[in-house]
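So this block is run-v7.tsv, TSV, C-alpha atoms and all ligand atoms:
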chain	number	residue	atom	x	y	z
A	885	MET	CA	98.02	104.82	97.53
A	886	HIS	CA	96.99	106.19	94.16
A	887	SER	CA	97.16	102.83	92.40
A	888	LEU	CA	95.14	101.21	95.17
A	889	ILE	CA	92.44	103.84	94.78
A	890	GLU	CA	92.35	103.24	91.05
A	891	HIS	CA	91.98	99.49	91.57
A	892	ALA	CA	89.23	100.06	94.13
A	893	ARG	CA	87.43	102.35	91.73
A	894	ALA	CA	87.61	99.72	89.00
A	895	PHE	CA	86.61	96.84	91.27
A	896	PRO	CA	82.92	96.62	90.26
A	897	ALA	CA	83.86	96.34	86.60
A	898	ARG	CA	86.62	93.86	87.36
A	899	ALA	CA	84.33	91.72	89.49
A	900	ASP	CA	81.78	91.71	86.73
A	901	ALA	CA	84.39	90.79	84.15
A	902	ASP	CA	85.58	87.94	86.35
A	903	GLY	CA	82.04	86.62	86.66
A	904	TRP	CA	81.63	87.34	90.34
A	905	HIS	CA	78.03	87.68	91.38
A	906	LEU	CA	78.09	90.29	94.10
A	907	ALA	CA	74.38	91.14	94.20
A	908	PRO	CA	73.33	88.00	96.15
A	909	LEU	CA	75.76	89.00	98.91
A	910	ALA	CA	73.27	91.65	99.98
A	911	ALA	CA	71.12	88.84	101.38
A	912	GLY	CA	73.78	87.80	103.87
A	913	GLN	CA	76.87	85.69	104.27
A	914	SER	CA	77.52	82.06	105.02
A	915	PRO	CA	81.29	81.58	105.00
A	916	GLN	CA	82.46	78.07	105.80
A	917	VAL	CA	85.82	79.07	107.20
A	918	LEU	CA	87.16	81.47	109.81
A	919	PHE	CA	90.69	82.31	108.77
A	920	ILE	CA	92.90	83.80	111.49
A	921	SER	CA	96.16	85.21	110.25
A	922	CYS	CA	98.73	87.91	110.90
A	923	SER	CA	98.09	91.44	109.69
A	924	ASP	CA	101.34	91.23	107.72
A	925	SER	CA	100.86	92.63	104.22
A	926	ARG	CA	102.61	89.65	102.67
A	927	VAL	CA	99.92	87.27	103.85
A	928	ILE	CA	96.69	87.55	101.90
A	929	PRO	CA	94.33	84.71	102.86
A	930	SER	CA	91.80	85.23	100.09
A	931	LEU	CA	94.59	85.32	97.52
A	932	ILE	CA	96.30	82.23	98.91
A	933	CYS	CA	93.05	80.28	99.04
A	934	ARG	CA	91.58	81.92	95.95
A	935	ALA	CA	88.48	82.68	97.97
A	936	LEU	CA	85.62	84.67	96.53
A	937	PRO	CA	83.62	87.27	98.45
A	938	GLY	CA	81.54	85.51	101.07
A	939	GLU	CA	83.78	82.46	101.40
A	940	LEU	CA	86.32	83.46	104.05
A	941	PHE	CA	85.56	85.15	107.35
A	942	GLU	CA	88.84	86.75	108.31
A	943	LEU	CA	90.40	87.81	111.57
A	944	ARG	CA	93.78	89.44	111.24
A	945	THR	CA	95.86	90.52	114.20
A	946	ALA	CA	99.49	91.34	114.85
A	947	GLY	CA	101.06	87.90	115.12
A	948	ASN	CA	97.78	86.06	114.43
A	949	ILE	CA	97.19	86.08	118.15
A	950	VAL	CA	94.02	84.69	119.67
A	951	PRO	CA	93.44	86.38	123.02
A	952	ALA	CA	92.27	84.32	125.95
A	953	TYR	CA	88.50	84.24	126.30
A	954	SER	CA	87.35	86.57	129.03
A	955	LEU	CA	84.07	88.39	129.56
A	956	ASP	CA	85.85	90.62	132.06
A	957	ARG	CA	88.13	91.86	129.33
A	958	PRO	CA	86.15	91.74	126.07
A	959	SER	CA	88.07	92.07	122.85
A	960	GLY	CA	87.21	92.54	119.22
A	961	GLU	CA	89.07	89.34	118.44
A	962	ALA	CA	87.01	87.26	120.87
A	963	ALA	CA	83.81	88.83	119.58
A	964	THR	CA	84.79	88.05	116.00
A	965	ILE	CA	85.57	84.43	116.79
A	966	GLU	CA	82.41	83.95	118.79
A	967	PHE	CA	80.30	85.46	116.02
A	968	ALA	CA	81.91	83.25	113.40
A	969	VAL	CA	81.46	80.07	115.40
A	970	GLN	CA	78.14	80.66	117.11
A	971	VAL	CA	76.22	82.77	114.58
A	972	LEU	CA	77.78	82.12	111.19
A	973	ARG	CA	78.41	78.50	112.15
A	974	VAL	CA	81.65	78.16	110.24
A	975	ASN	CA	82.74	74.56	109.81
A	976	ASP	CA	86.47	75.19	110.05
A	977	ILE	CA	88.93	77.54	111.69
A	978	VAL	CA	92.40	78.01	110.24
A	979	VAL	CA	95.12	79.66	112.30
A	980	CYS	CA	97.86	80.58	109.86
A	981	GLY	CA	101.29	81.75	110.97
A	982	HIS	CA	103.94	82.80	108.52
A	983	SER	CA	107.66	82.97	107.91
A	984	HIS	CA	109.56	86.17	108.67
A	985	CYS	CA	106.85	87.21	111.14
A	986	GLY	CA	107.90	90.43	112.82
A	987	ALA	CA	105.62	89.90	115.80
A	988	VAL	CA	106.81	86.41	116.67
A	989	GLY	CA	110.37	87.43	115.80
A	990	ALA	CA	110.16	90.21	118.35
A	991	LEU	CA	109.13	87.68	120.96
A	992	VAL	CA	111.93	85.29	120.05
A	993	ARG	CA	114.61	87.99	120.00
A	994	GLY	CA	113.27	89.84	123.01
A	995	ASP	CA	113.16	93.10	121.06
A	996	ASP	CA	112.88	96.40	122.90
A	997	LEU	CA	109.28	97.47	122.28
A	998	THR	CA	109.12	100.43	124.64
A	999	THR	CA	108.12	102.76	121.80
A	1000	VAL	CA	105.15	100.56	120.96
A	1001	PRO	CA	103.73	99.72	124.40
A	1002	ALA	CA	100.38	98.52	123.12
A	1003	LEU	CA	102.13	96.07	120.79
A	1004	ALA	CA	104.43	94.98	123.61
A	1005	ARG	CA	101.46	94.27	125.85
A	1006	TRP	CA	99.64	92.46	123.05
A	1007	LEU	CA	102.61	90.20	122.34
A	1008	ALA	CA	103.45	89.60	125.98
A	1009	ASP	CA	99.94	88.27	126.38
A	1010	THR	CA	100.95	85.22	124.36
A	1011	THR	CA	104.14	84.12	126.05
A	1012	ALA	CA	102.56	82.13	128.85
A	1013	GLU	CA	100.45	80.33	126.30
A	1014	HIS	CA	103.56	78.86	124.68
A	1015	ASP	CA	104.16	76.86	127.83
A	1016	THR	CA	100.54	75.84	127.96
A	1017	ALA	CA	100.75	74.56	124.40
A	1018	GLU	CA	103.70	72.35	125.36
A	1019	HIS	CA	101.99	70.98	128.42
A	1020	THR	CA	98.79	70.14	126.59
A	1021	SER	CA	100.28	68.97	123.32
A	1022	THR	CA	99.19	65.38	123.76
A	1023	GLU	CA	95.56	66.24	124.30
A	1024	HIS	CA	95.72	68.86	121.60
A	1025	ASP	CA	97.15	66.51	119.02
A	1026	THR	CA	94.65	63.81	119.77
A	1027	THR	CA	91.71	66.16	119.47
A	1028	GLU	CA	92.87	67.86	116.32
A	1029	HIS	CA	93.74	64.55	114.69
A	1030	ARG	CA	90.34	63.16	115.44
A	1031	THR	CA	88.56	66.17	114.02
A	1032	THR	CA	90.70	66.92	111.00
A	1033	GLU	CA	91.19	63.39	109.78
A	1034	ARG	CA	87.51	63.10	108.98
A	1035	THR	CA	87.09	66.19	106.88
A	1036	THR	CA	90.34	67.76	105.76
A	1037	PRO	CA	92.32	66.82	102.69
A	1038	GLU	CA	95.58	68.42	103.84
A	1039	HIS	CA	96.40	65.53	106.13
A	1040	GLY	CA	95.27	62.84	103.79
A	1041	THR	CA	98.66	62.26	102.22
A	1042	GLY	CA	102.09	61.53	103.54
A	1043	GLY	CA	103.00	59.00	106.20
A	1044	PRO	CA	103.96	59.73	109.77
A	1045	ASP	CA	107.56	60.20	108.68
A	1046	THR	CA	108.34	60.23	105.00
A	1047	GLY	CA	111.89	61.45	105.35
A	1048	ARG	CA	110.87	64.88	104.13
A	1049	HIS	CA	111.24	66.39	107.56
A	1050	ALA	CA	114.86	67.41	107.25
A	1051	PRO	CA	116.22	69.61	110.02
A	1052	GLY	CA	116.02	73.26	109.18
A	1053	THR	CA	112.96	72.95	107.00
A	1054	PRO	CA	109.43	74.05	107.88
A	1055	GLN	CA	108.37	70.40	107.91
A	1056	GLN	CA	110.04	69.66	111.21
A	1057	THR	CA	108.20	70.00	114.47
A	1058	ALA	CA	108.47	73.11	116.53
A	1059	HIS	CA	110.01	71.07	119.31
A	1060	GLN	CA	112.57	69.51	117.00
A	1061	ALA	CA	113.56	72.85	115.56
A	1062	THR	CA	113.77	74.50	118.94
A	1063	HIS	CA	115.96	71.75	120.27
A	1064	GLN	CA	118.16	71.89	117.20
A	1065	ALA	CA	118.53	75.64	117.45
A	1066	THR	CA	119.44	75.36	121.10
A	1067	HIS	CA	121.93	72.60	120.40
A	1068	THR	CA	123.53	74.58	117.59
A	1069	THR	CA	123.93	77.61	119.79
A	1070	ALA	CA	125.50	75.58	122.55
A	1071	ASP	CA	127.98	74.03	120.12
A	1072	ASP	CA	128.77	77.27	118.35
A	1073	THR	CA	132.23	77.17	116.86
A	1074	SER	CA	134.60	79.82	115.57
A	1075	ASP	CA	134.37	78.66	111.96
A	1076	ASP	CA	130.63	79.24	111.76
A	1077	THR	CA	129.71	81.64	108.99
A	1078	SER	CA	127.15	84.41	109.02
A	1079	ASP	CA	125.04	82.31	106.66
A	1080	ASP	CA	124.99	79.54	109.25
A	1081	THR	CA	123.83	82.03	111.85
A	1082	SER	CA	121.18	83.31	109.50
A	1083	ASP	CA	119.96	79.78	108.82
A	1084	ASP	CA	119.87	79.07	112.53
A	1085	ASP	CA	117.86	82.23	113.13
A	1086	GLU	CA	115.38	81.27	110.41
A	1087	THR	CA	115.09	77.76	111.79
A	1088	ALA	CA	114.45	79.07	115.28
A	1089	LEU	CA	111.85	81.53	114.01
A	1090	THR	CA	110.12	78.83	111.97
A	1091	ALA	CA	109.91	76.70	115.09
A	1092	ALA	CA	108.67	79.61	117.15
A	1093	VAL	CA	105.97	80.54	114.64
A	1094	GLN	CA	104.76	76.97	114.41
A	1095	ARG	CA	104.62	76.61	118.19
A	1096	HIS	CA	102.85	79.93	118.28
A	1097	VAL	CA	100.19	78.63	115.87
A	1098	LEU	CA	99.57	75.62	118.11
A	1099	ALA	CA	99.32	77.89	121.14
A	1100	GLN	CA	96.61	79.91	119.41
A	1101	LEU	CA	94.71	76.72	118.59
A	1102	ASP	CA	94.84	75.83	122.26
A	1103	ARG	CA	93.47	79.24	123.13
A	1104	LEU	CA	90.63	78.72	120.70
A	1105	ARG	CA	89.71	75.57	122.60
A	1106	GLY	CA	89.15	77.78	125.62
A	1107	TYR	CA	86.29	79.57	123.88
A	1108	PRO	CA	82.96	78.12	125.05
A	1109	ALA	CA	81.44	78.20	121.56
A	1110	VAL	CA	84.47	76.48	120.07
A	1111	ARG	CA	84.53	73.87	122.81
A	1112	THR	CA	80.88	73.06	122.24
A	1113	ARG	CA	81.21	72.79	118.49
A	1114	LEU	CA	84.31	70.60	118.79
A	1115	ALA	CA	82.51	68.35	121.24
A	1116	ASP	CA	79.60	67.77	118.89
A	1117	GLY	CA	81.94	67.23	115.94
A	1118	THR	CA	80.76	70.15	113.82
A	1119	LEU	CA	83.95	72.20	113.90
A	1120	THR	CA	87.49	71.45	112.78
A	1121	LEU	CA	90.64	73.32	113.71
A	1122	HIS	CA	93.65	73.64	111.41
A	1123	GLY	CA	97.17	74.92	112.02
A	1124	TRP	CA	98.90	76.34	108.95
A	1125	TYR	CA	102.26	77.92	108.26
A	1126	TYR	CA	102.75	80.13	105.20
A	1127	GLN	CA	106.17	80.77	103.68
A	1128	VAL	CA	106.04	84.31	102.33
A	1129	HIS	CA	108.98	83.97	99.96
A	1130	THR	CA	107.79	80.78	98.25
A	1131	GLY	CA	104.02	80.89	98.68
A	1132	THR	CA	104.06	77.37	100.12
A	1133	VAL	CA	101.49	76.50	102.77
A	1134	TYR	CA	102.32	73.88	105.38
A	1135	ALA	CA	99.70	72.18	107.52
A	1136	HIS	CA	100.17	70.79	111.00
A	1137	ARG	CA	99.91	67.03	111.19
A	1138	PRO	CA	98.62	66.22	114.66
A	1139	CYS	CA	99.55	62.56	114.24
A	1140	ASP	CA	103.28	63.27	114.29
A	1141	GLY	CA	103.52	66.96	115.14
A	1142	THR	CA	105.09	68.04	111.86
A	1143	PHE	CA	104.15	70.75	109.43
A	1144	THR	CA	104.08	69.44	105.87
A	1145	PRO	CA	103.10	71.05	102.55
A	1146	LEU	CA	99.41	70.95	101.77
B	1201	ZN	ZN	103.33	88.23	111.27
Would it be possible to restate this file's structure as structure tokens?
Amino acid sequence: MHSLIEHARAFPARADADGWHLAPLAAGQSPQVLFISCSDSRVIPSLICRALPGELFELRTAGNIVPAYSLDRPSGEAATIEFAVQVLRVNDIVVCGHSHCGAVGALVRGDDLTTVPALARWLADTTAEHDTAEHTSTEHDTTEHRTTERTTPEHGTGGPDTGRHAPGTPQQTAHQATHQATHTTADDTSDDTSDDTSDDDETALTAAVQRHVLAQLDRLRGYPAVRTRLADGTLTLHGWYYQVHTGTVYAHRPCDGTFTPL
């Protein structure tokens, strides 16, 4: 903690040395992007995007979960999203999942979370949405493609299938990876090594995280403010996947369902 305090103490001088103009921020904020990510300490949106103060409006939750919109059960997350979309009028929302995510991993493995009941309840709230994401994937992909193609550079390169989507890599679709993981488990043989198992686990988690990101995007579409802004073409949704051990960011390509490097 001590080093963090020292850095915080030195921040004004450092900001000044870096040429950041903080004084105008007193007049208000007008971030262009709402960035929703996991609370995981390895994921630092402003560092990844090299965003300056005032540029990113962040929402960080365990597992980058977007709760369902409900006025009967208000949440800080829903309030944050509504404020960003309706008041700040952000142009884009990024939902960014990440590799080695403990929250999604707990869901995939079915971990015993009895000692953290609030976390268990929070995570359980997302499981039904995974099915919803599958059922609505066609509509979802069409909508996201229409909105992102116009304004986002991350989908501007790379064909529908460039051969880069090798099994076991983050580029493959969540469905492909899930099916592969299932198939591998069913065909498990005695000469499999622990490394193979580890790779399979990582592949399955990658798939789960990416599906999880898409499920959160679907939940966002259930927010009245988001729905309105999408309908009038003033808001774009993005699904990202961040690899914590390489720093690589992958973006969902609605046209073919893959996640490819930005
Ligand atoms: Zn996480």
Nearby polymer residues, ligand ZN 1201 (chain B), at most 12 Å, all atoms listed in the file, as a count of residues only: 40
Coordinates-based distance that separates CA of Leu936 (chain A) from CA of Leu906 (chain A) (Å, one decimal): 9.7 Å
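Considering the residues A:Leu1119, A:Leu943, A:Leu997, A:Leu1098 and counting all atoms listed in the file, Arg1137 (chain A) has its shortest atom-to-atom contact with A:Leu1098.
Between Ala910 (chain A) and the residues A:Gly1131, A:Gly960, A:Gly938, A:Pro951, the shortest atom-to-atom distance, using all atoms listed in the file, involves A:Gly938.
Distance check against Ala1099 (chain A) using only C-alpha atoms: of A:Met885, A:Val974, A:Ala952, A:Ala1135, the minimum falls on A:Ala952.
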Neighbours of point (81.6, 86.7, 117.8) within 12 Å, using all atoms listed in the file, written as a list in words: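 Residues with an atom at most 12 Å from (81.6, 86.7, 117.8): Leu918, Phe941, Glu942, Leu943, Tyr953, Pro958, Ser959, Gly960, Glu961, Ala962, Ala963, Thr964, Ile965, Glu966, Phe967, Ala968, Val969, Gln970, Val971, Leu972, Arg973, Val974, Tyr1107, Pro1108, Ala1109 and Val1110 of chain A.
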Atom-to-atom span, CA of Gln916 (chain A) and CA of Pro937 (chain A), Å: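 Here the two named atoms are 11.8 Å from each other.
Counting from CA of Asp1116 (chain A), the distance to CA of Pro1145 (chain A) is 28.8 Å.
Considering all atoms listed in the file, the residue among A:His1122, A:Asp1084, A:Thr999, A:Arg898 positioned nearest to Pro1138 (chain A) is A:His1122.
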